[in-house]
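Asker: mmCIF, C-alpha atoms, file upload.cif:
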```cif
data_final
loop_
_atom_site.label_atom_id
_atom_site.label_comp_id
_atom_site.auth_asym_id
_atom_site.auth_seq_id
_atom_site.Cartn_x
_atom_site.Cartn_y
_atom_site.Cartn_z
CA MET J 1 108.10 85.92 98.00
CA LYS J 2 108.16 84.11 94.70
CA ILE J 3 106.65 84.32 91.25
CA TYR J 4 104.94 81.46 89.47
CA ASP J 5 106.22 81.84 85.95
CA SER J 6 106.16 80.30 82.50
CA GLN J 7 108.81 80.82 79.85
CA VAL J 8 106.41 80.06 77.00
CA ALA J 9 103.60 82.56 77.65
CA PRO J 10 103.66 86.30 76.92
CA ASN J 11 102.15 87.61 80.19
CA PRO J 12 104.82 86.28 82.57
CA ARG J 13 107.48 87.85 80.37
CA ARG J 14 105.97 91.27 81.03
CA VAL J 15 106.78 90.82 84.72
CA ARG J 16 110.26 89.44 84.06
CA ILE J 17 111.16 92.41 81.84
CA PHE J 18 109.68 94.82 84.40
CA LEU J 19 111.76 93.36 87.22
CA ALA J 20 114.89 93.30 85.05
CA GLU J 21 114.40 97.03 84.38
CA LYS J 22 114.10 97.60 88.12
CA GLY J 23 117.14 95.43 88.87
CA VAL J 24 115.04 93.40 91.31
CA GLN J 25 115.62 89.69 91.83
CA VAL J 26 112.66 87.52 92.80
CA PRO J 27 112.75 83.71 92.80
CA TYR J 28 110.79 82.18 89.93
CA GLU J 29 109.04 78.83 89.99
CA GLN J 30 108.16 77.37 86.61
CA VAL J 31 104.58 76.18 86.06
CA ASP J 32 104.22 73.72 83.19
CA ILE J 33 101.26 75.26 81.40
CA VAL J 34 101.72 73.01 78.37
CA SER J 35 100.87 69.94 80.47
CA GLY J 36 98.20 71.93 82.34
CA ALA J 37 99.83 72.18 85.79
CA ASN J 38 98.21 75.61 86.11
CA ARG J 39 94.78 73.99 86.02
CA SER J 40 95.48 71.72 89.00
CA PRO J 41 93.38 72.19 92.16
CA GLU J 42 96.57 73.14 94.02
CA PHE J 43 97.42 75.96 91.63
CA ARG J 44 93.81 77.15 91.52
CA LYS J 45 94.08 77.83 95.25
CA LYS J 46 96.65 80.46 94.31
CA ASN J 47 94.71 81.71 91.29
CA PRO J 48 91.21 80.35 90.58
CA LEU J 49 91.50 81.57 86.99
CA ALA J 50 94.55 79.31 86.49
CA THR J 51 96.67 81.94 84.75
CA VAL J 52 100.32 82.80 85.23
CA PRO J 53 102.10 84.84 86.45
CA VAL J 54 101.17 84.81 90.14
CA LEU J 55 103.17 86.62 92.83
CA GLU J 56 103.04 84.84 96.19
CA LEU J 57 103.89 87.08 99.13
CA ASP J 58 105.51 85.78 102.31
CA ASP J 59 102.16 85.95 104.14
CA GLY J 60 100.62 83.67 101.50
CA THR J 61 98.72 86.41 99.66
CA CYS J 62 98.65 85.66 95.96
CA ILE J 63 98.57 88.48 93.40
CA ALA J 64 97.60 87.38 89.91
CA GLU J 65 97.59 89.54 86.77
CA SER J 66 100.88 90.72 85.31
CA VAL J 67 100.10 94.43 85.54
CA ALA J 68 98.98 94.13 89.18
CA ILE J 69 102.32 92.48 89.98
CA CYS J 70 104.23 95.20 88.13
CA ARG J 71 102.37 97.95 90.01
CA TYR J 72 103.23 96.31 93.31
CA PHE J 73 106.93 96.35 92.48
CA GLU J 74 106.65 99.92 91.17
CA GLU J 75 105.59 100.97 94.66
CA LEU J 76 108.28 98.92 96.40
CA TYR J 77 111.03 100.02 94.02
CA PRO J 78 110.04 103.37 92.49
CA GLU J 79 113.22 103.79 90.43
CA PRO J 80 113.32 103.84 87.50
CA PRO J 81 109.66 104.83 87.22
CA LEU J 82 107.91 102.65 84.66
CA PHE J 83 104.37 103.99 85.20
CA GLY J 84 105.17 107.74 84.96
CA ARG J 85 106.54 110.39 87.33
CA ASN J 86 103.51 112.49 88.26
CA PRO J 87 99.69 112.28 88.02
CA ARG J 88 99.53 113.60 84.46
CA GLU J 89 102.31 111.33 83.24
CA ARG J 90 100.84 108.35 85.06
CA ALA J 91 97.50 108.94 83.36
CA ILE J 92 99.18 109.09 79.97
CA VAL J 93 101.19 105.93 80.66
CA GLU J 94 98.04 104.13 81.83
CA MET J 95 96.24 105.23 78.66
CA TRP J 96 99.03 103.83 76.49
CA GLN J 97 99.40 100.70 78.58
CA ARG J 98 95.71 99.98 78.04
CA ARG J 99 95.87 100.87 74.35
CA MET J 100 98.75 98.44 73.91
CA GLU J 101 96.87 95.82 75.91
CA PHE J 102 93.62 96.08 73.92
CA HIS J 103 94.88 97.01 70.45
CA VAL J 104 98.16 95.10 70.16
CA PHE J 105 98.64 92.46 72.86
CA LEU J 106 95.07 91.13 73.07
CA PRO J 107 94.39 90.82 69.31
CA ILE J 108 97.69 88.97 68.90
CA VAL J 109 96.78 86.59 71.73
CA MET J 110 93.32 86.12 70.21
CA VAL J 111 94.84 85.04 66.88
CA PHE J 112 96.96 82.46 68.68
CA ARG J 113 94.13 81.13 70.82
CA ASN J 114 91.64 80.87 67.97
CA CYS J 115 93.88 79.73 65.13
CA HIS J 116 96.86 77.85 66.53
CA PRO J 117 96.89 74.03 66.73
CA PHE J 118 98.18 74.28 70.32
CA PHE J 119 94.69 75.21 71.50
CA ALA J 120 92.80 72.74 69.29
CA GLY J 121 90.79 70.53 71.62
CA ARG J 122 91.79 72.62 74.66
CA ILE J 123 89.35 75.47 74.08
CA ARG J 124 86.53 76.18 71.64
CA GLN J 125 88.35 77.92 68.82
CA VAL J 126 86.59 80.36 66.50
CA PRO J 127 88.99 80.72 63.53
CA GLU J 128 86.93 83.57 62.00
CA TRP J 129 87.44 85.55 65.20
CA GLY J 130 91.15 84.85 64.90
CA GLU J 131 91.12 86.31 61.39
CA VAL J 132 89.24 89.43 62.54
CA ASN J 133 91.88 89.86 65.22
CA ARG J 134 94.69 89.34 62.73
CA GLU J 135 93.36 92.35 60.83
CA TRP J 136 93.07 94.35 64.05
CA ALA J 137 96.59 93.42 65.09
CA MET J 138 97.95 94.55 61.73
CA GLU J 139 95.94 97.79 61.98
CA GLY J 140 97.26 98.23 65.52
CA LEU J 141 100.85 97.93 64.34
CA SER J 142 100.21 100.33 61.50
CA TRP J 143 98.70 102.89 63.88
CA LEU J 144 101.55 102.43 66.34
CA ASP J 145 104.05 103.05 63.55
CA ARG J 146 102.39 106.42 62.85
CA GLU J 147 102.35 107.30 66.55
CA LEU J 148 106.03 106.45 66.93
CA ALA J 149 106.97 109.00 64.28
CA GLU J 150 106.49 111.58 67.02
CA ARG J 151 108.34 110.16 69.99
CA ARG J 152 111.01 107.74 71.14
CA PHE J 153 108.89 105.44 73.31
CA ILE J 154 105.21 104.58 73.24
CA ALA J 155 104.07 106.82 76.09
CA GLY J 156 106.65 109.60 75.68
CA ASP J 157 110.38 110.05 76.06
CA SER J 158 110.85 107.33 78.71
CA PHE J 159 110.61 103.56 78.58
CA THR J 160 107.46 102.41 80.43
CA ILE J 161 105.13 99.49 81.04
CA ALA J 162 103.41 100.39 77.73
CA ASP J 163 106.62 99.50 75.86
CA ILE J 164 106.83 96.22 77.74
CA THR J 165 103.25 95.26 76.85
CA ALA J 166 103.76 96.12 73.19
CA LEU J 167 107.11 94.32 72.96
CA CYS J 168 105.78 91.12 74.56
CA GLY J 169 102.71 91.23 72.31
CA ILE J 170 104.68 91.80 69.12
CA ASP J 171 107.24 89.09 69.92
CA PHE J 172 104.40 86.66 70.65
CA GLY J 173 102.94 87.51 67.23
CA ARG J 174 105.74 85.64 65.46
CA VAL J 175 104.16 82.24 66.20
CA SER J 176 101.07 83.49 64.31
CA ASN J 177 103.11 85.16 61.55
CA ILE J 178 102.18 88.65 62.71
CA ARG J 179 105.23 90.80 62.12
CA ILE J 180 106.32 94.40 61.77
CA GLN J 181 106.04 95.30 58.09
CA PRO J 182 109.04 96.58 56.10
CA GLU J 183 107.44 100.01 55.60
CA GLN J 184 106.81 100.47 59.35
CA LYS J 185 110.12 102.22 59.91
CA ASN J 186 109.19 104.05 63.11
CA LEU J 187 107.91 100.87 64.69
CA LYS J 188 111.03 99.01 63.56
CA ARG J 189 113.28 101.74 65.02
CA TRP J 190 111.40 101.48 68.36
CA TYR J 191 111.42 97.68 68.27
CA ASP J 192 115.16 97.50 67.65
CA GLU J 193 115.79 99.88 70.54
CA VAL J 194 113.59 98.18 73.13
CA SER J 195 114.71 94.71 72.02
CA SER J 196 118.33 95.61 72.54
CA ARG J 197 117.81 96.55 76.20
CA PRO J 198 119.23 93.84 78.49
CA SER J 199 115.75 93.41 80.04
CA ALA J 200 114.35 92.07 76.75
CA LYS J 201 116.24 88.80 77.35
CA ALA J 202 114.24 88.22 80.53
CA MET Z 1 88.86 120.39 82.01
CA LYS Z 2 85.97 118.44 80.57
CA ILE Z 3 84.99 114.88 79.81
CA TYR Z 4 83.66 113.66 76.47
CA ASP Z 5 80.91 111.32 77.53
CA SER Z 6 78.13 109.09 76.24
CA GLN Z 7 75.10 108.02 78.21
CA VAL Z 8 74.57 104.86 76.14
CA ALA Z 9 77.97 103.15 76.48
CA PRO Z 10 79.29 101.26 79.50
CA ASN Z 11 82.83 102.67 79.66
CA PRO Z 12 81.90 106.33 80.22
CA ARG Z 13 79.61 105.26 83.05
CA ARG Z 14 82.62 103.85 84.90
CA VAL Z 15 84.09 107.34 85.05
CA ARG Z 16 80.78 108.97 86.02
CA ILE Z 17 80.30 106.55 88.93
CA PHE Z 18 83.92 107.02 89.99
CA LEU Z 19 83.57 110.81 90.09
CA ALA Z 20 80.23 110.57 91.89
CA GLU Z 21 81.91 108.44 94.58
CA LYS Z 22 84.62 111.09 94.89
CA GLY Z 23 82.08 113.91 94.96
CA VAL Z 24 83.92 115.61 92.11
CA GLN Z 25 82.08 117.67 89.48
CA VAL Z 26 83.55 117.81 85.98
CA PRO Z 27 81.68 119.25 82.97
CA TYR Z 28 80.51 116.56 80.56
CA GLU Z 29 80.07 117.00 76.83
CA GLN Z 30 77.93 114.40 75.10
CA VAL Z 31 79.33 112.69 72.01
CA ASP Z 32 76.69 111.09 69.80
CA ILE Z 33 78.26 107.69 69.25
CA VAL Z 34 75.06 106.32 67.70
CA SER Z 35 75.42 108.68 64.74
CA GLY Z 36 79.21 108.19 64.76
CA ALA Z 37 80.33 111.64 65.95
CA ASN Z 38 83.20 109.88 67.74
CA ARG Z 39 84.58 108.79 64.38
CA SER Z 40 84.82 112.32 63.01
CA PRO Z 41 88.30 113.67 62.14
CA GLU Z 42 87.80 116.33 64.81
CA PHE Z 43 87.18 113.81 67.59
CA ARG Z 44 90.00 111.58 66.39
CA LYS Z 45 92.39 114.44 67.11
CA LYS Z 46 91.42 113.96 70.75
CA ASN Z 47 91.47 110.17 70.56
CA PRO Z 48 92.65 108.43 67.39
CA LEU Z 49 90.89 105.25 68.51
CA ALA Z 50 87.55 107.11 68.51
CA THR Z 51 86.40 105.78 71.89
CA VAL Z 52 84.74 107.60 74.76
CA PRO Z 53 85.28 108.69 77.47
CA VAL Z 54 88.08 111.20 76.93
CA LEU Z 55 89.25 113.64 79.57
CA GLU Z 56 90.51 116.91 78.11
CA LEU Z 57 92.78 118.87 80.44
CA ASP Z 58 93.02 122.65 80.38
CA ASP Z 59 96.35 122.46 78.54
CA GLY Z 60 94.67 120.47 75.76
CA THR Z 61 96.11 117.09 76.81
CA CYS Z 62 93.59 114.34 76.13
CA ILE Z 63 93.45 111.26 78.33
CA ALA Z 64 91.47 108.38 76.84
CA GLU Z 65 90.62 105.07 78.55
CA SER Z 66 88.19 105.04 81.45
CA VAL Z 67 90.60 103.52 83.95
CA ALA Z 68 93.34 106.01 83.07
CA ILE Z 69 90.90 108.84 83.74
CA CYS Z 70 89.86 107.27 87.05
CA ARG Z 71 93.47 106.91 88.17
CA TYR Z 72 94.12 110.55 87.39
CA PHE Z 73 91.26 111.64 89.63
CA GLU Z 74 92.35 109.17 92.32
CA GLU Z 75 95.62 111.08 92.55
CA LEU Z 76 93.96 114.50 92.53
CA TYR Z 77 91.26 113.48 95.05
CA PRO Z 78 92.59 110.58 97.14
CA GLU Z 79 89.50 110.28 99.36
CA PRO Z 80 87.70 107.96 99.44
CA PRO Z 81 90.39 105.64 98.03
CA LEU Z 82 88.95 103.55 95.21
CA PHE Z 83 92.20 101.82 94.17
CA GLY Z 84 93.32 100.65 97.64
CA ARG Z 85 95.10 102.24 100.62
CA ASN Z 86 98.62 100.78 100.48
CA PRO Z 87 100.83 98.87 98.03
CA ARG Z 88 99.45 95.44 98.98
CA GLU Z 89 95.83 96.61 98.80
CA ARG Z 90 96.46 98.45 95.55
CA ALA Z 91 97.89 95.28 94.01
CA ILE Z 92 94.84 93.30 95.11
CA VAL Z 93 92.45 95.96 93.78
CA GLU Z 94 94.32 96.04 90.47
CA MET Z 95 94.12 92.24 90.25
CA TRP Z 96 90.36 92.35 90.79
CA GLN Z 97 89.88 95.33 88.50
CA ARG Z 98 91.60 93.40 85.71
CA ARG Z 99 89.72 90.21 86.49
CA MET Z 100 86.43 92.09 86.27
CA GLU Z 101 87.59 93.74 83.08
CA PHE Z 102 88.62 90.52 81.33
CA HIS Z 103 86.18 88.00 82.78
CA VAL Z 104 82.98 90.02 83.22
CA PHE Z 105 83.03 93.36 81.40
CA LEU Z 106 84.84 92.32 78.21
CA PRO Z 107 82.88 89.09 77.52
CA ILE Z 108 79.61 91.00 78.00
CA VAL Z 109 80.76 93.71 75.56
CA MET Z 110 81.86 90.99 73.12
CA VAL Z 111 78.38 89.45 73.14
CA PHE Z 112 76.87 92.84 72.35
CA ARG Z 113 79.34 93.69 69.60
CA ASN Z 114 79.13 90.32 67.89
CA CYS Z 115 75.43 89.52 68.29
CA HIS Z 116 73.46 92.75 68.56
CA PRO Z 117 71.74 94.30 65.53
CA PHE Z 118 73.17 97.70 66.52
CA PHE Z 119 76.58 96.65 65.20
CA ALA Z 120 75.31 94.88 62.06
CA GLY Z 121 76.94 96.61 59.12
CA ARG Z 122 79.10 98.75 61.41
CA ILE Z 123 81.69 96.10 62.24
CA ARG Z 124 82.38 92.55 61.09
CA GLN Z 125 80.35 90.52 63.56
CA VAL Z 126 81.26 86.92 64.45
CA PRO Z 127 78.11 85.55 66.14
CA GLU Z 128 79.86 82.33 67.18
CA TRP Z 129 82.39 84.41 69.10
CA GLY Z 130 79.49 86.19 70.75
CA GLU Z 131 78.10 82.83 71.88
CA VAL Z 132 81.48 81.72 73.27
CA ASN Z 133 81.59 84.97 75.22
CA ARG Z 134 78.05 84.52 76.45
CA GLU Z 135 79.20 81.26 78.06
CA TRP Z 136 82.26 82.98 79.52
CA ALA Z 137 80.17 85.81 80.88
CA MET Z 138 77.81 83.37 82.57
CA GLU Z 139 80.79 81.44 83.98
CA GLY Z 140 82.27 84.73 85.13
CA LEU Z 141 79.12 85.62 87.04
CA SER Z 142 78.96 82.15 88.57
CA TRP Z 143 82.59 82.41 89.74
CA LEU Z 144 82.00 85.90 91.08
CA ASP Z 145 79.01 84.63 93.05
CA ARG Z 146 81.26 82.08 94.76
CA GLU Z 147 83.93 84.69 95.48
CA LEU Z 148 81.37 87.06 97.00
CA ALA Z 149 80.39 84.44 99.58
CA GLU Z 150 83.56 85.49 101.38
CA ARG Z 151 83.48 89.27 101.37
CA ARG Z 152 81.30 92.32 101.03
CA PHE Z 153 82.87 93.90 97.94
CA ILE Z 154 84.78 92.42 95.06
CA ALA Z 155 88.29 93.33 96.19
CA GLY Z 156 87.70 93.22 99.96
CA ASP Z 157 85.73 95.15 102.56
CA SER Z 158 85.72 98.47 100.67
CA PHE Z 159 84.01 99.63 97.52
CA THR Z 160 86.59 100.01 94.72
CA ILE Z 161 87.07 100.47 90.99
CA ALA Z 162 86.63 96.67 90.66
CA ASP Z 163 83.03 97.02 91.85
CA ILE Z 164 82.44 99.82 89.34
CA THR Z 165 83.77 97.75 86.44
CA ALA Z 166 81.67 94.74 87.42
CA LEU Z 167 78.51 96.81 87.96
CA CYS Z 168 78.81 98.60 84.62
CA GLY Z 169 79.48 95.31 82.85
CA ILE Z 170 76.58 93.48 84.46
CA ASP Z 171 74.13 96.32 83.82
CA PHE Z 172 75.24 96.44 80.19
CA GLY Z 173 74.54 92.69 79.96
CA ARG Z 174 70.78 93.30 80.10
CA VAL Z 175 70.64 94.36 76.47
CA SER Z 176 72.08 90.93 75.59
CA ASN Z 177 69.91 89.09 78.12
CA ILE Z 178 72.86 88.30 80.38
CA ARG Z 179 71.56 88.51 83.93
CA ILE Z 180 72.37 87.44 87.46
CA GLN Z 181 70.77 84.02 87.99
CA PRO Z 182 68.25 83.39 90.81
CA GLU Z 183 70.61 80.99 92.60
CA GLN Z 184 73.48 83.52 92.61
CA LYS Z 185 72.53 84.92 95.99
CA ASN Z 186 75.91 86.38 96.93
CA LEU Z 187 76.17 88.18 93.63
CA LYS Z 188 72.60 89.44 94.01
CA ARG Z 189 73.32 90.70 97.54
CA TRP Z 190 76.39 92.55 96.24
CA TYR Z 191 74.52 93.87 93.20
CA ASP Z 192 71.65 95.22 95.29
CA GLU Z 193 74.10 96.98 97.59
CA VAL Z 194 76.26 98.62 94.94
CA SER Z 195 73.22 99.51 92.81
CA SER Z 196 71.64 101.34 95.71
CA ARG Z 197 74.61 103.66 96.17
CA PRO Z 198 73.77 107.15 94.87
CA SER Z 199 76.72 106.91 92.46
CA ALA Z 200 75.01 104.10 90.53
CA LYS Z 201 72.62 106.65 89.03
CA ALA Z 202 75.51 108.47 87.39
#
```
Could I get this structure in the form of structure tokens?

Answerer:
Amino acid sequence: MKIYDSQVAPNPRRVRIFLAEKGVQVPYEQVDIVSGANRSPEFRKKNPLATVPVLELDDGTCIAESVAICRYFEELYPEPPLFGRNPRERAIVEMWQRRMEFHVFLPIVMVFRNCHPFFAGRIRQVPEWGEVNREWAMEGLSWLDRELAERRFIAGDSFTIADITALCGIDFGRVSNIRIQPEQKNLKRWYDEVSSRPSAKA
Amino acid sequence: MKIYDSQVAPNPRRVRIFLAEKGVQVPYEQVDIVSGANRSPEFRKKNPLATVPVLELDDGTCIAESVAICRYFEELYPEPPLFGRNPRERAIVEMWQRRMEFHVFLPIVMVFRNCHPFFAGRIRQVPEWGEVNREWAMEGLSWLDRELAERRFIAGDSFTIADITALCGIDFGRVSNIRIQPEQKNLKRWYDEVSSRPSAKA
């Protein structure tokens, strides 16, 4: 198997961190998304939506979507569990994973896509939508700071996929000047902890 | 346990269809989202993001996010499996569930939120973003039509959560005049089949 990867996009990093936490080695092949190699007919055979990452299994099956790839490895390598340890925990982790996806990661990506010069001429940008999302992203971080007053990690007392999604989103915010605010001390405490894990370098 | 529900929103319907497919009965309590009951301080104790559905367990734990609730019931009632039968299938179902979420359901919701009079004055609408999403939604349906030339259901030969997400999204598109096009015969064949399942009335 191998993973089609990109070092410059936030979604592939979610998978790299996940696998680093599991201690699993999978060969990576870089896809040059800046030059548009992901939009080639050849790559679209692997993923018609032209996104990375894509996991290619030995039988040729291609699994796109970062979280789908992470779930696959969770089943193959259950330890340490990054989606929860029982049905109740797994539901709570899924809730937080989705909250981080829709209220932190996605707004931050929307700011980049709609406001950053990189996408000018590549997609139809709507700068006003980027500004709405900038507000949402800042509200999301503020809410997360309040939530993290109560617990060590986002979904409870263990590091999970929800932490990975939030970390990759927040780090990607830098290019759009979306940052943890000085008064967000709980969020900063969490960020410093998850960033110092060896997996964060993945 | 009980589920905080709304008959007028597309996300709670995903859970209702899911439970109907499982043959599981859970008490529903209606939340009047039109008058804003979901934004009350009391409801925000159950879900600070003020969205429905929310599953409240007997110990008081509240699980928000439709897909998190569905996964919880998948573990409690594994038959019929709606997330796949083995790790490879579950990865494929998750890929398609997310594709339906981000390329069908979400664009359709974005059109509604940014263009419909219901949200005027409630949120900051960006009509241009709604129009971009209308194009994406139509492209999403066109792509899905091509994909469904090859198989009976969205993720393979079994009905899954991916079908539920797509069905709820497409039905919600009507209010924004987003509809399956006459030439999309594969999509229409699929739609007629999934709509005629008893669960679709949920």

Asker: Please report the interatomic distance between CA of Arg151 (chain Z) and CA of Ala68 (chain J) in Å with one decimal.

Answerer: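 Computing the Euclidean distance for CA of Arg151 (chain Z) and CA of Ala68 (chain J) yields 20.3 Å.
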
Asker: Got a sec to resolve the PyMOL selection byres ((chain J) within 10 of (chain Z)) on this structure and send the residues as a VMD selection string?

Answerer: chain J and resid 48 to 49 57 61 to 76 86 to 99 103 114 124 to 130 132 140 143 147

Asker: Using the chain letters and numbers from the file, which residues does the PyMOL selection byres ((chain J and resi 162) around 7) grab, as a ChimeraX atom specification?

Answerer: /J:93,96-97,100,154-155,160-161,163-166

Asker: Record the distance separating CA of Cys168 (chain J) and CA of Arg189 (chain J), expressed in Å with one decimal.

Answerer: 16.1 Å

Asker: For Gln7 (chain J), which residue out of J:Gly84, J:Pro53, J:Gly156, J:Gly36 is the nearest one, using all atoms listed in the file?

Answerer: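 Using all atoms listed in the file, the shortest distance to Gln7 (chain J) belongs to J:Pro53.
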
Asker: Just how far from CA of Ser176 (chain Z) is CA of Tyr4 (chain Z), in Å to one decimal?

Answerer: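 CA of Tyr4 (chain Z) sits 25.5 Å away from CA of Ser176 (chain Z).
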
Asker: Determine the nearest neighbour of Ala20 (chain J) from the options J:Ala149, J:Leu82, J:Val109, J:Leu187, counting all atoms listed in the file.

Answerer: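 Of J:Ala149, J:Leu82, J:Val109, J:Leu187, the one nearest Ala20 (chain J) is J:Leu82, counting all atoms listed in the file.
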
Asker: For this structure, which residues satisfy the selection - the PyMOL selection byres ((chain Z and resi 179) around 12) - when it is evaluated on the file as given? I want them as a PyMOL selection string.

Answerer: chain Z and resi 104+108+134+137-142+167+169-178+180-184+187-188+191

Asker: Please save C-alpha atoms of the selected residues as a PDB file, in the frame of the given file.

Answerer:
```
ATOM      1  CA  VAL Z 104      82.980  90.020  83.220  1.00  0.00           C
ATOM      2  CA  ILE Z 108      79.610  91.000  78.000  1.00  0.00           C
ATOM      3  CA  ARG Z 134      78.050  84.520  76.450  1.00  0.00           C
ATOM      4  CA  ALA Z 137      80.170  85.810  80.880  1.00  0.00           C
ATOM      5  CA  MET Z 138      77.810  83.370  82.570  1.00  0.00           C
ATOM      6  CA  GLU Z 139      80.790  81.440  83.980  1.00  0.00           C
ATOM      7  CA  GLY Z 140      82.270  84.730  85.130  1.00  0.00           C
ATOM      8  CA  LEU Z 141      79.120  85.620  87.040  1.00  0.00           C
ATOM      9  CA  SER Z 142      78.960  82.150  88.570  1.00  0.00           C
ATOM     10  CA  LEU Z 167      78.510  96.810  87.960  1.00  0.00           C
ATOM     11  CA  GLY Z 169      79.480  95.310  82.850  1.00  0.00           C
ATOM     12  CA  ILE Z 170      76.580  93.480  84.460  1.00  0.00           C
ATOM     13  CA  ASP Z 171      74.130  96.320  83.820  1.00  0.00           C
ATOM     14  CA  PHE Z 172      75.240  96.440  80.190  1.00  0.00           C
ATOM     15  CA  GLY Z 173      74.540  92.690  79.960  1.00  0.00           C
ATOM     16  CA  ARG Z 174      70.780  93.300  80.100  1.00  0.00           C
ATOM     17  CA  VAL Z 175      70.640  94.360  76.470  1.00  0.00           C
ATOM     18  CA  SER Z 176      72.080  90.930  75.590  1.00  0.00           C
ATOM     19  CA  ASN Z 177      69.910  89.090  78.120  1.00  0.00           C
ATOM     20  CA  ILE Z 178      72.860  88.300  80.380  1.00  0.00           C
ATOM     21  CA  ILE Z 180      72.370  87.440  87.460  1.00  0.00           C
ATOM     22  CA  GLN Z 181      70.770  84.020  87.990  1.00  0.00           C
ATOM     23  CA  PRO Z 182      68.250  83.390  90.810  1.00  0.00           C
ATOM     24  CA  GLU Z 183      70.610  80.990  92.600  1.00  0.00           C
ATOM     25  CA  GLN Z 184      73.480  83.520  92.610  1.00  0.00           C
ATOM     26  CA  LEU Z 187      76.170  88.180  93.630  1.00  0.00           C
ATOM     27  CA  LYS Z 188      72.600  89.440  94.010  1.00  0.00           C
ATOM     28  CA  TYR Z 191      74.520  93.870  93.200  1.00  0.00           C
TER      29      TYR Z 191
END
```

Asker: What's around Tyr28 (chain J) at 8 Å? Count only C-alpha atoms, leave out sequence neighbours fewer than 6 positions away in its own chain, and write the answer as JSON, numbers by chain.

Answerer: {"J": [2, 3, 4, 5]}

Asker: Next, write the just-selected residues to a file, as a short mmCIF file (atom, residue, chain, number, x, y, z; two decimals), in the coordinates of the input, keeping C-alpha atoms as the atom set.

Answerer:
```
data_model
loop_
_atom_site.label_atom_id
_atom_site.label_comp_id
_atom_site.auth_asym_id
_atom_site.auth_seq_id
_atom_site.Cartn_x
_atom_site.Cartn_y
_atom_site.Cartn_z
CA LYS J 2 108.16 84.11 94.70
CA ILE J 3 106.65 84.32 91.25
CA TYR J 4 104.94 81.46 89.47
CA ASP J 5 106.22 81.84 85.95
#
```

Asker: So which one's closest to Gly60 (chain Z), Z:Ile33, Z:Leu148, Z:Met1, Z:Val15? Using only C-alpha atoms, please.

Answerer: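 Closest to Gly60 (chain Z), using only C-alpha atoms: Z:Met1.
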